[in-house]
file target_0.json (JSON, C-alpha atoms)
[["chain", "number", "residue", "atom", "x", "y", "z"],
["A", 1, "ASP", "CA", 23.73, -99.68, 3.07],
["A", 2, "ALA", "CA", 21.39, -101.70, 0.92],
["A", 3, "GLY", "CA", 19.96, -99.53, -1.83],
["A", 4, "ILE", "CA", 16.33, -99.36, -0.73],
["A", 5, "THR", "CA", 13.94, -96.67, -1.86],
["A", 6, "GLN", "CA", 10.29, -96.21, -1.03],
["A", 7, "SER", "CA", 7.67, -94.24, -2.89],
["A", 8, "PRO", "CA", 5.85, -92.10, -2.20],
["A", 9, "ARG", "CA", 7.55, -90.74, 0.92],
["A", 10, "HIS", "CA", 4.41, -88.97, 2.06],
["A", 11, "LYS", "CA", 0.79, -89.51, 1.14],
["A", 12, "VAL", "CA", -2.55, -88.20, 2.34],
["A", 13, "THR", "CA", -5.61, -90.08, 1.19],
["A", 14, "GLU", "CA", -9.29, -90.37, 2.02],
["A", 15, "THR", "CA", -11.02, -93.24, 3.76],
["A", 16, "GLY", "CA", -12.15, -95.90, 1.30],
["A", 17, "THR", "CA", -9.63, -95.16, -1.44],
["A", 18, "PRO", "CA", -7.05, -97.70, -2.62],
["A", 19, "VAL", "CA", -3.39, -96.97, -1.94],
["A", 20, "THR", "CA", -0.25, -98.68, -3.20],
["A", 21, "LEU", "CA", 3.18, -98.20, -1.67],
["A", 22, "ARG", "CA", 6.30, -99.27, -3.52],
["A", 23, "CYS", "CA", 9.59, -100.60, -2.27],
["A", 24, "HIS", "CA", 12.54, -100.92, -4.64],
["A", 25, "GLN", "CA", 15.90, -102.51, -3.85],
["A", 26, "THR", "CA", 19.11, -102.76, -5.83],
["A", 27, "GLU", "CA", 20.89, -105.41, -3.72],
["A", 28, "ASN", "CA", 19.26, -108.50, -5.23],
["A", 29, "HIS", "CA", 18.17, -109.54, -1.73],
["A", 30, "ARG", "CA", 15.88, -112.54, -1.57],
["A", 31, "TYR", "CA", 13.71, -111.48, 1.36],
["A", 32, "MET", "CA", 11.60, -108.33, 1.53],
["A", 33, "TYR", "CA", 9.34, -107.13, 4.34],
["A", 34, "TRP", "CA", 6.69, -104.52, 5.02],
["A", 35, "TYR", "CA", 6.36, -103.14, 8.56],
["A", 36, "ARG", "CA", 4.23, -100.45, 10.09],
["A", 37, "GLN", "CA", 5.45, -98.24, 12.91],
["A", 38, "ASP", "CA", 3.06, -96.87, 15.48],
["A", 39, "PRO", "CA", 3.80, -95.16, 18.81],
["A", 40, "GLY", "CA", 4.32, -97.68, 21.61],
["A", 41, "HIS", "CA", 4.26, -100.68, 19.26],
["A", 42, "GLY", "CA", 7.68, -100.55, 17.70],
["A", 43, "LEU", "CA", 7.53, -102.07, 14.25],
["A", 44, "ARG", "CA", 5.04, -104.78, 13.38],
["A", 45, "LEU", "CA", 5.30, -107.05, 10.36],
["A", 46, "ILE", "CA", 2.52, -106.79, 7.79],
["A", 47, "HIS", "CA", 3.65, -109.15, 5.03],
["A", 48, "TYR", "CA", 6.89, -110.54, 3.76],
["A", 49, "SER", "CA", 8.27, -112.16, 0.63],
["A", 50, "TYR", "CA", 10.83, -114.93, 0.32],
["A", 51, "GLY", "CA", 11.10, -114.79, -3.46],
["A", 52, "VAL", "CA", 9.35, -113.66, -6.62],
["A", 53, "LYS", "CA", 5.64, -114.44, -6.30],
["A", 54, "ASP", "CA", 6.26, -115.99, -2.85],
["A", 55, "THR", "CA", 4.66, -114.06, -0.01],
["A", 56, "ASP", "CA", 3.25, -114.72, 3.43],
["A", 57, "LYS", "CA", 1.32, -112.91, 6.13],
["A", 58, "GLY", "CA", 2.79, -111.22, 9.15],
["A", 59, "GLU", "CA", 1.37, -110.17, 12.48],
["A", 60, "VAL", "CA", -0.95, -107.39, 11.23],
["A", 61, "SER", "CA", -1.92, -108.39, 7.68],
["A", 62, "ASP", "CA", -5.67, -107.66, 7.76],
["A", 63, "GLY", "CA", -6.60, -104.98, 5.22],
["A", 64, "TYR", "CA", -3.31, -105.28, 3.31],
["A", 65, "SER", "CA", -2.15, -107.24, 0.29],
["A", 66, "VAL", "CA", 1.26, -107.50, -1.36],
["A", 67, "SER", "CA", 2.78, -108.49, -4.65],
["A", 68, "ARG", "CA", 6.26, -109.25, -5.84],
["A", 69, "SER", "CA", 6.60, -109.76, -9.59],
["A", 70, "LYS", "CA", 10.32, -108.90, -9.71],
["A", 71, "THR", "CA", 13.15, -109.44, -7.25],
["A", 72, "GLU", "CA", 13.68, -105.72, -6.85],
["A", 73, "ASP", "CA", 10.10, -104.56, -6.25],
["A", 74, "PHE", "CA", 7.67, -105.28, -3.41],
["A", 75, "LEU", "CA", 4.30, -103.54, -3.45],
["A", 76, "LEU", "CA", 1.98, -103.01, -0.50],
["A", 77, "THR", "CA", -1.69, -102.30, -1.28],
["A", 78, "LEU", "CA", -4.41, -101.02, 0.98],
["A", 79, "GLU", "CA", -7.54, -102.01, -0.93],
["A", 80, "SER", "CA", -9.77, -99.59, 0.95],
["A", 81, "ALA", "CA", -7.86, -97.34, 3.32],
["A", 82, "THR", "CA", -9.14, -96.77, 6.87],
["A", 83, "SER", "CA", -8.07, -94.25, 9.49],
["A", 84, "SER", "CA", -6.51, -97.08, 11.53],
["A", 85, "GLN", "CA", -4.01, -97.53, 8.71],
["A", 86, "THR", "CA", -2.55, -94.08, 9.28],
["A", 87, "SER", "CA", 1.03, -94.97, 10.10],
["A", 88, "VAL", "CA", 4.62, -94.90, 8.92],
["A", 89, "TYR", "CA", 5.41, -97.83, 6.66],
["A", 90, "PHE", "CA", 8.89, -99.28, 6.33],
["A", 91, "CYS", "CA", 10.22, -101.70, 3.81],
["A", 92, "ALA", "CA", 13.19, -103.93, 4.68],
["A", 93, "THR", "CA", 15.31, -106.49, 2.88],
["A", 94, "LYS", "CA", 17.54, -109.40, 3.84],
["A", 95, "GLY", "CA", 19.96, -111.44, 1.82],
["A", 96, "GLY", "CA", 19.50, -115.16, 1.39],
["A", 97, "ASN", "CA", 22.71, -116.21, 3.12],
["A", 98, "GLN", "CA", 22.12, -118.48, 6.10],
["A", 99, "GLY", "CA", 24.70, -116.68, 8.19],
["A", 100, "SER", "CA", 23.32, -113.20, 7.59],
["A", 101, "ASN", "CA", 20.07, -112.43, 9.33],
["A", 102, "GLU", "CA", 20.09, -108.66, 9.74],
["A", 103, "GLN", "CA", 17.57, -106.60, 7.81],
["A", 104, "TYR", "CA", 18.16, -103.30, 6.04],
["A", 105, "PHE", "CA", 15.48, -100.66, 6.09],
["A", 106, "GLY", "CA", 14.21, -98.07, 3.65],
["A", 107, "PRO", "CA", 13.50, -94.44, 4.61],
["A", 108, "GLY", "CA", 9.78, -94.98, 5.24],
["A", 109, "THR", "CA", 6.47, -93.72, 3.86],
["A", 110, "ARG", "CA", 4.24, -91.58, 6.04],
["A", 111, "LEU", "CA", 0.60, -92.34, 5.20],
["A", 112, "THR", "CA", -2.30, -90.31, 6.54],
["A", 113, "VAL", "CA", -5.86, -91.51, 5.98],
["A", 114, "THR", "CA", -8.45, -88.78, 6.57],
["B", 1, "GLY", "CA", 5.32, -116.46, 20.43],
["B", 2, "ASP", "CA", 8.45, -114.37, 20.43],
["B", 3, "SER", "CA", 8.41, -111.04, 22.24],
["B", 4, "VAL", "CA", 10.78, -108.23, 23.18],
["B", 5, "THR", "CA", 10.37, -105.85, 26.11],
["B", 6, "GLN", "CA", 12.44, -102.73, 26.47],
["B", 7, "MET", "CA", 12.32, -99.87, 28.92],
["B", 8, "GLU", "CA", 9.98, -97.08, 28.10],
["B", 9, "GLY", "CA", 11.34, -93.64, 27.51],
["B", 10, "PRO", "CA", 12.09, -91.00, 27.07],
["B", 11, "VAL", "CA", 15.49, -91.31, 28.66],
["B", 12, "THR", "CA", 17.06, -87.90, 29.20],
["B", 13, "LEU", "CA", 20.78, -87.65, 29.93],
["B", 14, "SER", "CA", 23.43, -84.99, 30.01],
["B", 15, "GLU", "CA", 26.32, -85.21, 27.60],
["B", 16, "GLU", "CA", 29.07, -87.65, 28.74],
["B", 17, "ALA", "CA", 26.68, -89.56, 31.03],
["B", 18, "PHE", "CA", 26.52, -93.36, 31.09],
["B", 19, "LEU", "CA", 23.69, -94.96, 29.16],
["B", 20, "THR", "CA", 21.84, -98.20, 29.79],
["B", 21, "ILE", "CA", 18.70, -99.23, 27.92],
["B", 22, "ASN", "CA", 17.28, -102.49, 29.17],
["B", 23, "CYS", "CA", 15.99, -105.17, 26.82],
["B", 24, "THR", "CA", 14.65, -108.62, 27.68],
["B", 25, "TYR", "CA", 13.20, -111.19, 25.34],
["B", 26, "THR", "CA", 11.11, -114.33, 25.15],
["B", 27, "ALA", "CA", 11.82, -116.77, 22.35],
["B", 28, "THR", "CA", 12.09, -120.44, 21.60],
["B", 29, "GLY", "CA", 15.41, -121.79, 20.46],
["B", 30, "TYR", "CA", 18.42, -119.55, 19.99],
["B", 31, "PRO", "CA", 17.47, -116.21, 18.47],
["B", 32, "SER", "CA", 19.82, -113.60, 17.09],
["B", 33, "LEU", "CA", 19.57, -110.25, 18.87],
["B", 34, "PHE", "CA", 19.86, -106.76, 17.45],
["B", 35, "TRP", "CA", 19.84, -103.11, 18.37],
["B", 36, "TYR", "CA", 18.61, -100.70, 15.72],
["B", 37, "VAL", "CA", 18.72, -96.90, 15.90],
["B", 38, "GLN", "CA", 16.32, -94.46, 14.25],
["B", 39, "TYR", "CA", 17.27, -90.83, 13.84],
["B", 40, "PRO", "CA", 14.47, -88.28, 13.29],
["B", 41, "GLY", "CA", 12.79, -88.64, 9.91],
["B", 42, "GLU", "CA", 14.88, -91.64, 8.90],
["B", 43, "GLY", "CA", 14.58, -95.40, 8.65],
["B", 44, "LEU", "CA", 16.14, -97.86, 11.05],
["B", 45, "GLN", "CA", 19.87, -98.53, 10.98],
["B", 46, "LEU", "CA", 21.51, -101.60, 12.42],
["B", 47, "LEU", "CA", 23.61, -100.55, 15.40],
["B", 48, "LEU", "CA", 24.93, -103.91, 16.60],
["B", 49, "LYS", "CA", 24.06, -107.56, 16.81],
["B", 50, "ALA", "CA", 24.88, -110.82, 18.60],
["B", 51, "THR", "CA", 24.10, -114.27, 17.32],
["B", 52, "LYS", "CA", 24.84, -116.58, 20.26],
["B", 53, "ALA", "CA", 25.04, -116.63, 24.02],
["B", 54, "ASP", "CA", 27.81, -114.51, 25.60],
["B", 55, "ASP", "CA", 28.53, -112.74, 22.31],
["B", 56, "LYS", "CA", 29.16, -109.02, 22.69],
["B", 57, "GLY", "CA", 28.09, -106.75, 19.88],
["B", 58, "SER", "CA", 29.72, -103.35, 19.65],
["B", 59, "ASN", "CA", 29.68, -100.33, 17.37],
["B", 60, "LYS", "CA", 30.28, -96.56, 17.73],
["B", 61, "GLY", "CA", 30.97, -96.93, 21.47],
["B", 62, "PHE", "CA", 27.75, -98.86, 22.10],
["B", 63, "GLU", "CA", 27.87, -102.40, 23.48],
["B", 64, "ALA", "CA", 25.41, -105.16, 24.30],
["B", 65, "THR", "CA", 26.01, -108.70, 25.58],
["B", 66, "TYR", "CA", 23.76, -111.65, 24.76],
["B", 67, "ARG", "CA", 22.81, -113.09, 28.18],
["B", 68, "LYS", "CA", 20.88, -116.29, 27.74],
["B", 69, "GLU", "CA", 20.57, -116.99, 31.45],
["B", 70, "THR", "CA", 18.71, -113.72, 32.00],
["B", 71, "THR", "CA", 17.26, -113.50, 28.44],
["B", 72, "SER", "CA", 18.61, -109.98, 28.17],
["B", 73, "PHE", "CA", 20.49, -107.80, 25.70],
["B", 74, "HIS", "CA", 20.97, -104.45, 27.43],
["B", 75, "LEU", "CA", 22.46, -101.58, 25.44],
["B", 76, "GLU", "CA", 25.23, -99.54, 27.09],
["B", 77, "LYS", "CA", 27.47, -96.62, 26.23],
["B", 78, "GLY", "CA", 30.04, -95.11, 28.54],
["B", 79, "SER", "CA", 29.73, -91.48, 27.44],
["B", 80, "VAL", "CA", 26.79, -90.29, 25.35],
["B", 81, "GLN", "CA", 26.88, -87.36, 22.96],
["B", 82, "VAL", "CA", 24.15, -85.03, 21.75],
["B", 83, "SER", "CA", 24.39, -86.77, 18.39],
["B", 84, "ASP", "CA", 23.24, -90.04, 20.04],
["B", 85, "SER", "CA", 19.77, -88.59, 20.50],
["B", 86, "ALA", "CA", 17.49, -91.00, 18.67],
["B", 87, "VAL", "CA", 15.03, -93.87, 19.18],
["B", 88, "TYR", "CA", 16.60, -97.24, 19.94],
["B", 89, "PHE", "CA", 14.90, -100.55, 19.15],
["B", 90, "CYS", "CA", 15.80, -103.96, 20.50],
["B", 91, "ALA", "CA", 14.83, -106.83, 18.19],
["B", 92, "LEU", "CA", 15.23, -110.57, 17.79],
["B", 93, "SER", "CA", 15.26, -112.89, 14.82],
["B", 94, "GLY", "CA", 13.93, -116.29, 15.73],
["B", 95, "SER", "CA", 13.80, -119.60, 13.94],
["B", 96, "ASN", "CA", 10.69, -118.75, 11.93],
["B", 97, "ALA", "CA", 10.57, -119.44, 8.22],
["B", 98, "GLY", "CA", 10.90, -115.85, 7.07],
["B", 99, "ASN", "CA", 13.60, -114.78, 9.55],
["B", 100, "MET", "CA", 11.21, -112.12, 10.69],
["B", 101, "LEU", "CA", 12.25, -109.53, 13.25],
["B", 102, "THR", "CA", 10.26, -109.04, 16.45],
["B", 103, "PHE", "CA", 10.75, -105.54, 17.87],
["B", 104, "GLY", "CA", 10.42, -103.94, 21.25],
["B", 105, "GLY", "CA", 8.45, -100.73, 21.51],
["B", 106, "GLY", "CA", 11.47, -98.46, 21.20],
["B", 107, "THR", "CA", 13.19, -96.13, 23.68],
["B", 108, "ARG", "CA", 13.69, -92.46, 22.90],
["B", 109, "LEU", "CA", 17.01, -91.07, 24.11],
["B", 110, "MET", "CA", 17.51, -87.34, 24.49],
["B", 111, "VAL", "CA", 20.99, -86.07, 25.30],
["B", 112, "LYS", "CA", 21.34, -82.49, 26.49],
["B", 113, "PRO", "CA", 24.53, -80.45, 26.14]]

call {"tool": "encode", "arguments": {"input": "target_0.json", "output": "structure tokens"}}
result
Amino acid sequence: DAGITQSPRHKVTETGTPVTLRCHQTENHRYMYWYRQDPGHGLRLIHYSYGVKDTDKGEVSDGYSVSRSKTEDFLLTLESATSSQTSVYFCATKGGNQGSNEQYFGPGTRLTVT
Amino acid sequence: GDSVTQMEGPVTLSEEAFLTINCTYTATGYPSLFWYVQYPGEGLQLLLKATKADDKGSNKGFEATYRKETTSFHLEKGSVQVSDSAVYFCALSGSNAGNMLTFGGGTRLMVKP
């Protein structure tokens, strides 16, 4: 297993407040991803990073921003949380080898916006 | 764009029954295909994968064959156990720049003793 931790694991916040979720990995993987998981939708990509300071948008990026200042850390920020952002958020990583395309997932963060 | 469709659940089986969870996909090029499993309260774990047509991925008694002619990657197990109760996700990795995964909606499997 890739060493991936997420913090916090659970958070309840109020509408309109900023929230930052952290993903930390110890595998020196090049790629990092943020997904959200909602019933009936599987996992949907929010943003991803292909290196330090290199990020790009995913399928459902509106209302989210990311930053990656170090290889091991990938932050997801909700600038002004809304109830539609209540979800379970998963971080994932992937090595840079061309022949290895599977992703490894963290334990998730359950976010509730009231 | 890429998409993955898998059968809706929940699928309820008795212990030792045969399992099939259907998965079909739409993608350009030659995607890699995956099955991930999620146990309650946990993240996703890679169960098996296949990277080219006719490849068979296998792990822990589960199998899936990459069928390009039918664009399918059905998950099978000959004899399920209670401990197999989980949510199963089919996914593909296409030729996009970030090697992103596209997931199906997930299928919950419940195995009764």

call {"tool": "interface_residues", "arguments": {"input": "target_0.json", "of": "chain A", "to": "chain B", "cutoff": "9 Å", "atoms": "only C-alpha atoms", "output": "PyMOL selection string"}}
result
chain A and resi 1+31+33+38-45+48-50+56+58+90+94+101-108

call {"tool": "atom_distance", "arguments": {"input": "target_0.json", "atom1": "CA of Ala64 in chain B", "atom2": "CA of Ala92 in chain A"}}
result
23.1 Å

call {"tool": "atom_distance", "arguments": {"input": "target_0.json", "atom1": "CA of Arg108 in chain B", "atom2": "CA of Ser85 in chain B"}}
result
7.6 Å

call {"tool": "residues_around", "arguments": {"input": "target_0.json", "residues": "Glu69 in chain B", "least_positions_apart": "2", "cutoff": "10 Å", "atoms": "all atoms listed in the file", "output": "ChimeraX atom specification"}}
result
/B:53-54,66-67,71-72

call {"tool": "atom_distance", "arguments": {"input": "target_0.json", "atom1": "CA of Phe74 in chain A", "atom2": "CA of Gly16 in chain A"}}
result
22.4 Å

call {"tool": "closest_residue", "arguments": {"input": "target_0.json", "among": "A:Pro8, A:Gly63, A:Gly3, A:Gly95", "to": "Ile46 in chain A", "atoms": "all atoms listed in the file"}}
result
A:Gly63

call {"tool": "residues_around", "arguments": {"input": "target_0.json", "residues": "Pro18 in chain A", "least_positions_apart": "3", "cutoff": "9 Å", "atoms": "all atoms listed in the file", "output": "PyMOL selection string"}}
result
chain A and resi 13-15+77-81

call {"tool": "closest_residue", "arguments": {"input": "target_0.json", "among": "A:Thr82, A:Val12, A:Tyr35, A:Asp73", "to": "Val60 in chain A", "atoms": "only C-alpha atoms"}}
result
A:Tyr35

call {"tool": "closest_residue", "arguments": {"input": "target_0.json", "among": "B:Ile21, B:Leu13, B:Met110, B:Met7", "to": "Leu75 in chain B", "atoms": "only C-alpha atoms"}}
result
B:Ile21

call {"tool": "residues_around", "arguments": {"input": "target_0.json", "residues": "Thr12 in chain B", "least_positions_apart": "6", "cutoff": "12 Å", "atoms": "all atoms listed in the file", "output": "ChimeraX atom specification"}}
result
/B:18-21,80-82,84-87,107-113

call {"tool": "residues_around", "arguments": {"input": "target_0.json", "residues": "Ala27 in chain B", "least_positions_apart": "3", "cutoff": "8 Å", "atoms": "all atoms listed in the file", "output": "ChimeraX atom specification"}}
result
/B:1-3,30-31,94

call {"tool": "decode", "arguments": {"input": "target_0.json", "residues": "range 7-19 of chain A", "atoms": "N, CA, C and O atoms", "output": "PDB file, in the first residue's frame"}}
result
ATOM      1  N   SER A   7      -6.304  14.290   6.122  1.00  0.00           N
ATOM      2  CA  SER A   7      -6.745  14.958   7.337  1.00  0.00           C
ATOM      3  C   SER A   7      -7.571  16.192   6.990  1.00  0.00           C
ATOM      4  O   SER A   7      -7.296  16.852   5.978  1.00  0.00           O
ATOM      5  N   PRO A   8      -8.617  16.478   7.793  1.00  0.00           N
ATOM      6  CA  PRO A   8      -9.139  15.602   8.833  1.00  0.00           C
ATOM      7  C   PRO A   8      -9.878  14.410   8.238  1.00  0.00           C
ATOM      8  O   PRO A   8     -10.087  14.356   7.027  1.00  0.00           O
ATOM      9  N   ARG A   9     -10.254  13.454   9.033  1.00  0.00           N
ATOM     10  CA  ARG A   9     -11.037  12.320   8.539  1.00  0.00           C
ATOM     11  C   ARG A   9     -12.531  12.629   8.533  1.00  0.00           C
ATOM     12  O   ARG A   9     -13.269  12.078   7.712  1.00  0.00           O
ATOM     13  N   HIS A  10     -12.935  13.495   9.422  1.00  0.00           N
ATOM     14  CA  HIS A  10     -14.322  13.935   9.473  1.00  0.00           C
ATOM     15  C   HIS A  10     -14.348  15.431   9.765  1.00  0.00           C
ATOM     16  O   HIS A  10     -13.527  15.917  10.546  1.00  0.00           O
ATOM     17  N   LYS A  11     -15.280  16.128   9.096  1.00  0.00           N
ATOM     18  CA  LYS A  11     -15.421  17.550   9.377  1.00  0.00           C
ATOM     19  C   LYS A  11     -16.852  17.980   9.113  1.00  0.00           C
ATOM     20  O   LYS A  11     -17.452  17.590   8.098  1.00  0.00           O
ATOM     21  N   VAL A  12     -17.371  18.787  10.042  1.00  0.00           N
ATOM     22  CA  VAL A  12     -18.666  19.427   9.874  1.00  0.00           C
ATOM     23  C   VAL A  12     -18.417  20.927   9.855  1.00  0.00           C
ATOM     24  O   VAL A  12     -17.734  21.452  10.732  1.00  0.00           O
ATOM     25  N   THR A  13     -18.945  21.592   8.850  1.00  0.00           N
ATOM     26  CA  THR A  13     -18.721  23.020   8.727  1.00  0.00           C
ATOM     27  C   THR A  13     -20.002  23.695   8.280  1.00  0.00           C
ATOM     28  O   THR A  13     -20.938  23.028   7.813  1.00  0.00           O
ATOM     29  N   GLU A  14     -20.029  25.015   8.390  1.00  0.00           N
ATOM     30  CA  GLU A  14     -21.225  25.759   8.004  1.00  0.00           C
ATOM     31  C   GLU A  14     -21.088  26.321   6.599  1.00  0.00           C
ATOM     32  O   GLU A  14     -19.974  26.596   6.126  1.00  0.00           O
ATOM     33  N   THR A  15     -22.216  26.491   5.948  1.00  0.00           N
ATOM     34  CA  THR A  15     -22.237  27.085   4.616  1.00  0.00           C
ATOM     35  C   THR A  15     -21.523  28.429   4.620  1.00  0.00           C
ATOM     36  O   THR A  15     -21.708  29.244   5.525  1.00  0.00           O
ATOM     37  N   GLY A  16     -20.669  28.634   3.610  1.00  0.00           N
ATOM     38  CA  GLY A  16     -19.967  29.902   3.461  1.00  0.00           C
ATOM     39  C   GLY A  16     -18.598  29.953   4.084  1.00  0.00           C
ATOM     40  O   GLY A  16     -17.846  30.899   3.860  1.00  0.00           O
ATOM     41  N   THR A  17     -18.233  28.939   4.849  1.00  0.00           N
ATOM     42  CA  THR A  17     -16.907  28.945   5.488  1.00  0.00           C
ATOM     43  C   THR A  17     -15.887  28.278   4.573  1.00  0.00           C
ATOM     44  O   THR A  17     -16.227  27.386   3.791  1.00  0.00           O
ATOM     45  N   PRO A  18     -14.634  28.678   4.674  1.00  0.00           N
ATOM     46  CA  PRO A  18     -13.581  28.010   3.895  1.00  0.00           C
ATOM     47  C   PRO A  18     -13.153  26.713   4.581  1.00  0.00           C
ATOM     48  O   PRO A  18     -13.161  26.612   5.806  1.00  0.00           O
ATOM     49  N   VAL A  19     -12.790  25.731   3.765  1.00  0.00           N
ATOM     50  CA  VAL A  19     -12.368  24.429   4.281  1.00  0.00           C
ATOM     51  C   VAL A  19     -11.170  23.960   3.466  1.00  0.00           C
ATOM     52  O   VAL A  19     -11.158  24.093   2.246  1.00  0.00           O
TER      53      VAL A  19
END
